$ cat model.txt   # compact mmCIF, C-alpha atoms
# COMPACT_ATOMS: atom_id res chain seq x y z
CA MET Z 1 0.00 0.00 0.00
CA LEU Z 2 1.61 3.21 -1.13
CA ILE Z 3 -1.15 5.61 -0.15
CA GLY Z 4 -3.75 3.44 1.58
CA HIS Z 5 -2.48 3.36 5.15
CA LEU Z 6 -3.18 6.95 6.14
CA PRO Z 7 -6.70 7.07 4.61
CA ALA Z 8 -7.48 3.70 6.23
CA GLY Z 9 -6.31 5.06 9.58
CA TYR Z 10 -8.52 8.10 9.10
CA VAL Z 11 -11.57 5.99 8.23
CA PHE Z 12 -10.98 3.58 11.12
CA SER Z 13 -10.36 6.39 13.63
CA LYS Z 14 -13.30 8.48 12.44
CA LEU Z 15 -15.70 5.52 12.69
CA ALA Z 16 -14.32 4.48 16.07
CA TYR Z 17 -14.59 8.02 17.41
CA ALA Z 18 -18.21 8.27 16.31
CA ARG Z 19 -18.93 5.14 18.36
CA PHE Z 20 -17.07 6.18 21.51
CA GLU Z 21 -17.28 9.98 21.30
CA ALA Z 22 -18.78 10.46 24.78
CA ARG Z 23 -15.86 8.61 26.40
CA ILE Z 24 -12.98 10.25 24.54
CA ALA Z 25 -11.48 13.51 25.79
CA SER Z 26 -10.10 14.97 22.58
CA TYR Z 27 -11.08 14.35 18.98
CA ARG Z 28 -7.78 15.85 17.85
CA LEU Z 29 -5.68 13.51 20.01
CA PHE Z 30 -7.81 10.50 19.14
CA MET Z 31 -7.37 11.15 15.42
CA PHE Z 32 -3.66 11.91 15.89
CA TRP Z 33 -3.01 8.57 17.61
CA GLY Z 34 -5.08 6.70 15.02
CA LEU Z 35 -3.26 8.26 12.08
CA LEU Z 36 0.11 7.75 13.76
CA GLY Z 37 -0.71 4.08 14.37
CA ALA Z 38 -1.77 3.64 10.75
CA ILE Z 39 1.74 4.52 9.55
CA ALA Z 40 3.80 3.46 12.58
CA PRO Z 41 4.81 0.04 11.23
CA ASP Z 42 6.55 1.80 8.34
CA PHE Z 43 8.76 3.88 10.62
CA ASP Z 44 11.13 0.95 10.18
CA MET Z 45 11.86 2.37 6.73
CA PHE Z 46 14.29 4.81 8.37
CA TYR Z 47 16.30 1.87 9.70
CA PHE Z 48 15.84 -0.03 6.43
CA HIS Z 49 17.35 2.78 4.35
CA LEU Z 50 19.77 4.47 6.74
CA VAL Z 51 21.23 1.55 8.69
CA ASP Z 52 20.37 -1.77 7.04
CA GLN Z 53 20.92 -0.43 3.51
CA GLY Z 54 17.97 -2.52 2.28
CA GLN Z 55 19.57 -5.85 3.18
CA ILE Z 56 16.50 -7.30 4.95
CA HIS Z 57 12.91 -6.78 3.80
CA HIS Z 58 11.41 -4.25 6.21
CA HIS Z 59 8.34 -6.46 6.71
CA ARG Z 60 10.67 -8.84 8.56
CA TYR Z 61 11.37 -6.23 11.27
CA VAL Z 62 9.58 -6.48 14.60
CA SER Z 63 7.50 -3.38 13.76
CA HIS Z 64 5.69 -5.53 11.17
CA PHE Z 65 5.12 -8.51 13.48
CA PRO Z 66 1.41 -8.98 14.23
CA ILE Z 67 2.27 -10.31 17.69
CA LEU Z 68 3.67 -6.87 18.61
CA TRP Z 69 0.46 -5.11 17.58
CA LEU Z 70 -1.71 -7.68 19.36
CA ALA Z 71 0.36 -7.15 22.51
CA LEU Z 72 -0.18 -3.39 22.18
CA VAL Z 73 -3.94 -3.92 21.81
CA ILE Z 74 -3.95 -6.05 24.97
CA ALA Z 75 -1.86 -3.48 26.85
CA ALA Z 76 -4.25 -0.68 25.80
CA LEU Z 77 -7.24 -2.73 26.94
CA ALA Z 78 -5.50 -3.28 30.28
CA VAL Z 79 -4.98 0.48 30.63
CA VAL Z 80 -8.71 0.99 29.99
CA LYS Z 81 -9.54 -1.71 32.55
CA LEU Z 82 -7.29 0.00 35.12
CA GLY Z 83 -9.49 3.07 34.83
CA ARG Z 84 -7.39 5.22 32.52
CA ARG Z 85 -10.07 5.30 29.84
CA ILE Z 86 -8.78 8.20 27.80
CA TRP Z 87 -5.15 7.09 27.51
CA GLY Z 88 -6.33 3.54 26.97
CA ALA Z 89 -8.55 4.73 24.13
CA TYR Z 90 -5.64 6.54 22.51
CA GLY Z 91 -3.44 3.46 22.87
CA LEU Z 92 -6.19 1.25 21.55
CA ILE Z 93 -6.81 3.30 18.40
CA PHE Z 94 -3.03 3.52 17.82
CA SER Z 95 -2.55 -0.24 18.10
CA LEU Z 96 -5.69 -1.17 16.15
CA CYS Z 97 -4.66 1.11 13.28
CA GLY Z 98 -1.16 -0.39 13.41
CA PHE Z 99 -2.68 -3.86 13.18
CA ALA Z 100 -4.89 -2.71 10.28
CA HIS Z 101 -1.70 -1.58 8.53
CA LEU Z 102 -0.48 -5.19 8.57
CA VAL Z 103 -3.81 -6.45 7.23
CA LEU Z 104 -3.55 -4.00 4.33
CA ASP Z 105 0.09 -4.95 3.73
CA THR Z 106 -1.02 -8.58 3.41
CA VAL Z 107 -3.04 -7.78 0.28
CA VAL Z 108 0.07 -7.61 -1.93
CA GLY Z 109 2.99 -7.67 0.48
CA ASP Z 110 4.51 -10.45 2.51
CA ILE Z 111 3.67 -10.31 6.22
CA TRP Z 112 5.09 -12.87 8.63
CA TRP Z 113 1.84 -13.50 10.53
CA LEU Z 114 3.35 -16.20 12.71
CA ALA Z 115 6.65 -14.45 13.41
CA PRO Z 116 8.82 -14.85 15.33
CA MET Z 117 7.75 -18.49 15.85
CA VAL Z 118 7.42 -19.43 12.17
CA ASP Z 119 9.45 -17.98 9.30
CA GLN Z 120 6.68 -18.03 6.68
CA PRO Z 121 5.40 -14.96 4.82
CA PHE Z 122 1.77 -14.61 3.78
CA ALA Z 123 0.26 -12.44 1.03
CA LEU Z 124 -3.06 -12.58 -0.80
CA ALA Z 125 -1.51 -11.61 -4.15
CA SER Z 126 1.81 -10.59 -5.60
CA VAL Z 127 2.80 -7.65 -7.75
CA PRO Z 128 4.97 -8.75 -10.68
CA ALA Z 129 7.96 -6.55 -11.39
CA VAL Z 130 7.48 -5.59 -15.03
CA TYR Z 131 7.83 -1.80 -15.02
CA GLN Z 132 10.54 0.68 -14.15
CA PRO Z 133 10.55 2.59 -11.84
CA TRP Z 134 9.43 0.03 -9.24
CA TRP Z 135 6.42 2.03 -7.99
CA LEU Z 136 4.70 1.78 -11.41
CA ASN Z 137 4.20 -1.92 -10.71
CA PHE Z 138 2.02 -1.02 -7.72
CA ILE Z 139 0.13 1.85 -9.36
CA LEU Z 140 -0.74 -0.28 -12.41
CA HIS Z 141 -1.75 -3.33 -10.33
CA TRP Z 142 -5.42 -4.08 -9.53
CA SER Z 143 -4.73 -3.66 -5.80
CA PHE Z 144 -4.21 0.07 -6.30
CA THR Z 145 -7.98 0.40 -6.78
CA LEU Z 146 -8.35 -0.68 -3.14
CA GLU Z 147 -6.07 2.17 -2.11
CA LEU Z 148 -8.04 4.62 -4.22
CA ALA Z 149 -11.26 3.34 -2.66
CA LEU Z 150 -9.84 3.89 0.85
CA PHE Z 151 -8.79 7.39 -0.15
CA ALA Z 152 -12.25 8.14 -1.60
CA TRP Z 153 -13.93 6.79 1.56
CA ALA Z 154 -11.73 9.02 3.74
CA VAL Z 155 -12.54 12.07 1.61
CA TRP Z 156 -16.25 11.21 1.75
CA LEU Z 157 -16.16 10.92 5.56
CA TYR Z 158 -14.26 14.19 5.82
CA ARG Z 159 -16.81 15.94 3.65
CA GLN Z 160 -19.76 14.51 5.62
CA ASP Z 161 -19.30 17.17 8.27
CA GLY Z 162 -17.72 19.61 5.84
CA GLY Z 163 -14.41 19.09 7.61
CA ARG Z 164 -15.77 21.25 10.46
CA ARG Z 165 -14.86 18.81 13.21
CA VAL Z 166 -11.30 18.40 11.92
CA ARG Z 167 -10.73 22.15 11.54
CA ARG Z 168 -12.28 22.85 14.95
CA ALA Z 169 -10.17 20.14 16.61
CA LEU Z 170 -7.01 21.52 15.06
CA SER Z 171 -7.73 24.98 16.46
CA VAL Z 172 -9.06 24.01 19.92
CA GLY Z 173 -8.73 20.68 21.77
CA VAL Z 174 -12.13 19.32 22.76
CA VAL Z 175 -12.25 18.07 26.36
CA ARG Z 176 -15.30 16.14 27.42
CA ASP Z 177 -14.11 13.85 30.18
CA GLY Z 178 -12.85 14.98 33.56
CA ASP Z 179 -11.22 11.80 34.83
CA GLY Z 180 -7.79 13.39 34.96
CA ASP Z 181 -6.28 11.83 31.85
$ encode --input "model.txt" --output "structure tokens"
Amino acid sequence: MLIGHLPAGYVFSKLAYARFEARIASYRLFMFWGLLGAIAPDFDMFYFHLVDQGQIHHHRYVSHFPILWLALVIAALAVVKLGRRIWGAYGLIFSLCGFAHLVLDTVVGDIWWLAPMVDQPFALASVPAVYQPWWLNFILHWSFTLELALFAWAVWLYRQDGGRRVRRALSVGVVRDGDGD
């Protein structure tokens, strides 16, 4: 997914916020943590390019291990259970969007779903390398329509409220819960 992760994080976060709005302190922070989680697994690209020099596929790094993201989901749920609802909600949206990133990567990219126990990648489809530069292979592949659909869905959700909530949240944090988080 070249462009699909951020729109998917927006869609997921926006829908989750609509469901739990009364229990979340800040729309802006909730969306921030969701969008950050949606791209967080790819932060390993800095290491991939700057340190590893592309020697190991970045999907083999721990940031792309589903077990890490499941552990983060469980930790966020524990934080919620301990009474820190707001921070738990932020952690939960971050980790769920990170996990969704791996699901999207599985469409046309290898993800080691059983790592580190089993060294076996899984992907629903592959993108044949027939064009140069490399990114043309992804843009001209059928899976790119999924990315465009995610982008269109995100734009549609944004336009549903005319972007008012996003603009308002960027200018003033909305606080609705007084539990000290």
$ residues_around --input "model.txt" --residues "Z:His64" --least-positions-apart "6" --cutoff "8 Å" --atoms "all atoms listed in the file" --output "PyMOL selection string"
chain Z and resi 41-42+58+102+111-112
$ atom_distance --input "model.txt" --atom1 "atom CA of Z:Ala125" --atom2 "atom CA of Z:Ser143"
8.7 Å
$ residues_around --input "model.txt" --residues "Z:Gly109" --least-positions-apart "6" --cutoff "10 Å" --atoms "only C-alpha atoms" --output "MDAnalysis selection string"
chainID Z and resid 1 59 102:103 121:127
$ atom_distance --input "model.txt" --atom1 "atom CA of Z:Ala25" --atom2 "atom CA of Z:Ser13"
14.1 Å
$ closest_residue --input "model.txt" --among "Z:Val62, Z:Leu146, Z:Val155, Z:Ala100" --to "Z:Pro116" --atoms "all atoms listed in the file"
Z:Val62
$ residues_around --input "model.txt" --residues "Z:Ala76" --least-positions-apart "3" --cutoff "10 Å" --atoms "all atoms listed in the file" --output "ChimeraX atom specification"
/Z:70-73,79-82,84-85,87-96
$ closest_residue --input "model.txt" --among "Z:Leu114, Z:Val11, Z:Ile24, Z:Ala16" --to "Z:Phe151" --atoms "all atoms listed in the file"
Z:Val11
$ closest_residue --input "model.txt" --among "Z:Pro133, Z:Pro7, Z:Gly83, Z:Gly162" --to "Z:Ile39" --atoms "only C-alpha atoms"
Z:Pro7
$ atom_distance --input "model.txt" --atom1 "atom CA of Z:Ile3" --atom2 "atom CA of Z:Arg28"
21.7 Å
$ axis_aligned_box --input "model.txt" --around "stretch 88-103 of chain Z" --padding-each-side "8 Å" --output "lines of an AutoDock Vina configuration file"
center_x = -4.5
center_y = 0.0
center_z = 17.1
size_x = 24.1
size_y = 29.0
size_z = 35.7
$ closest_residue --input "model.txt" --among "Z:Leu50, Z:Tyr158, Z:Val108, Z:Phe32" --to "Z:Trp142" --atoms "only C-alpha atoms"
Z:Val108
$ closest_residue --input "model.txt" --among "Z:Ile86, Z:Ile74, Z:Gly37, Z:Val130" --to "Z:Phe20" --atoms "all atoms listed in the file"
Z:Ile86
$ decode --input "model.txt" --residues "stretch 81-93 of chain Z" --atoms "N, CA and C atoms" --output "PDB file, in the first residue's frame"
ATOM      1  N   LYS Z  81      -8.997  -0.950  31.416  1.00  0.00           N
ATOM      2  CA  LYS Z  81      -9.536  -1.714  32.552  1.00  0.00           C
ATOM      3  C   LYS Z  81      -9.046  -1.151  33.881  1.00  0.00           C
ATOM      4  N   LEU Z  82      -7.849  -0.591  33.893  1.00  0.00           N
ATOM      5  CA  LEU Z  82      -7.291  -0.003  35.115  1.00  0.00           C
ATOM      6  C   LEU Z  82      -7.887   1.376  35.419  1.00  0.00           C
ATOM      7  N   GLY Z  83      -8.809   1.829  34.567  1.00  0.00           N
ATOM      8  CA  GLY Z  83      -9.493   3.075  34.827  1.00  0.00           C
ATOM      9  C   GLY Z  83      -8.955   4.278  34.092  1.00  0.00           C
ATOM     10  N   ARG Z  84      -7.948   4.106  33.289  1.00  0.00           N
ATOM     11  CA  ARG Z  84      -7.387   5.216  32.520  1.00  0.00           C
ATOM     12  C   ARG Z  84      -8.002   5.182  31.123  1.00  0.00           C
ATOM     13  N   ARG Z  85      -9.300   5.457  31.073  1.00  0.00           N
ATOM     14  CA  ARG Z  85     -10.065   5.296  29.840  1.00  0.00           C
ATOM     15  C   ARG Z  85      -9.528   6.105  28.668  1.00  0.00           C
ATOM     16  N   ILE Z  86      -9.186   7.341  28.914  1.00  0.00           N
ATOM     17  CA  ILE Z  86      -8.777   8.202  27.802  1.00  0.00           C
ATOM     18  C   ILE Z  86      -7.461   7.727  27.201  1.00  0.00           C
ATOM     19  N   TRP Z  87      -6.439   7.536  28.038  1.00  0.00           N
ATOM     20  CA  TRP Z  87      -5.147   7.087  27.506  1.00  0.00           C
ATOM     21  C   TRP Z  87      -5.257   5.687  26.935  1.00  0.00           C
ATOM     22  N   GLY Z  88      -6.099   4.865  27.532  1.00  0.00           N
ATOM     23  CA  GLY Z  88      -6.329   3.537  26.970  1.00  0.00           C
ATOM     24  C   GLY Z  88      -6.972   3.612  25.597  1.00  0.00           C
ATOM     25  N   ALA Z  89      -7.902   4.555  25.427  1.00  0.00           N
ATOM     26  CA  ALA Z  89      -8.555   4.725  24.127  1.00  0.00           C
ATOM     27  C   ALA Z  89      -7.548   5.172  23.073  1.00  0.00           C
ATOM     28  N   TYR Z  90      -6.663   6.096  23.454  1.00  0.00           N
ATOM     29  CA  TYR Z  90      -5.643   6.541  22.506  1.00  0.00           C
ATOM     30  C   TYR Z  90      -4.706   5.388  22.145  1.00  0.00           C
ATOM     31  N   GLY Z  91      -4.304   4.625  23.133  1.00  0.00           N
ATOM     32  CA  GLY Z  91      -3.445   3.463  22.875  1.00  0.00           C
ATOM     33  C   GLY Z  91      -4.148   2.413  22.045  1.00  0.00           C
ATOM     34  N   LEU Z  92      -5.430   2.244  22.290  1.00  0.00           N
ATOM     35  CA  LEU Z  92      -6.192   1.246  21.549  1.00  0.00           C
ATOM     36  C   LEU Z  92      -6.335   1.634  20.083  1.00  0.00           C
ATOM     37  N   ILE Z  93      -6.668   2.898  19.803  1.00  0.00           N
ATOM     38  CA  ILE Z  93      -6.806   3.300  18.397  1.00  0.00           C
ATOM     39  C   ILE Z  93      -5.452   3.245  17.692  1.00  0.00           C
TER      40      ILE Z  93
END
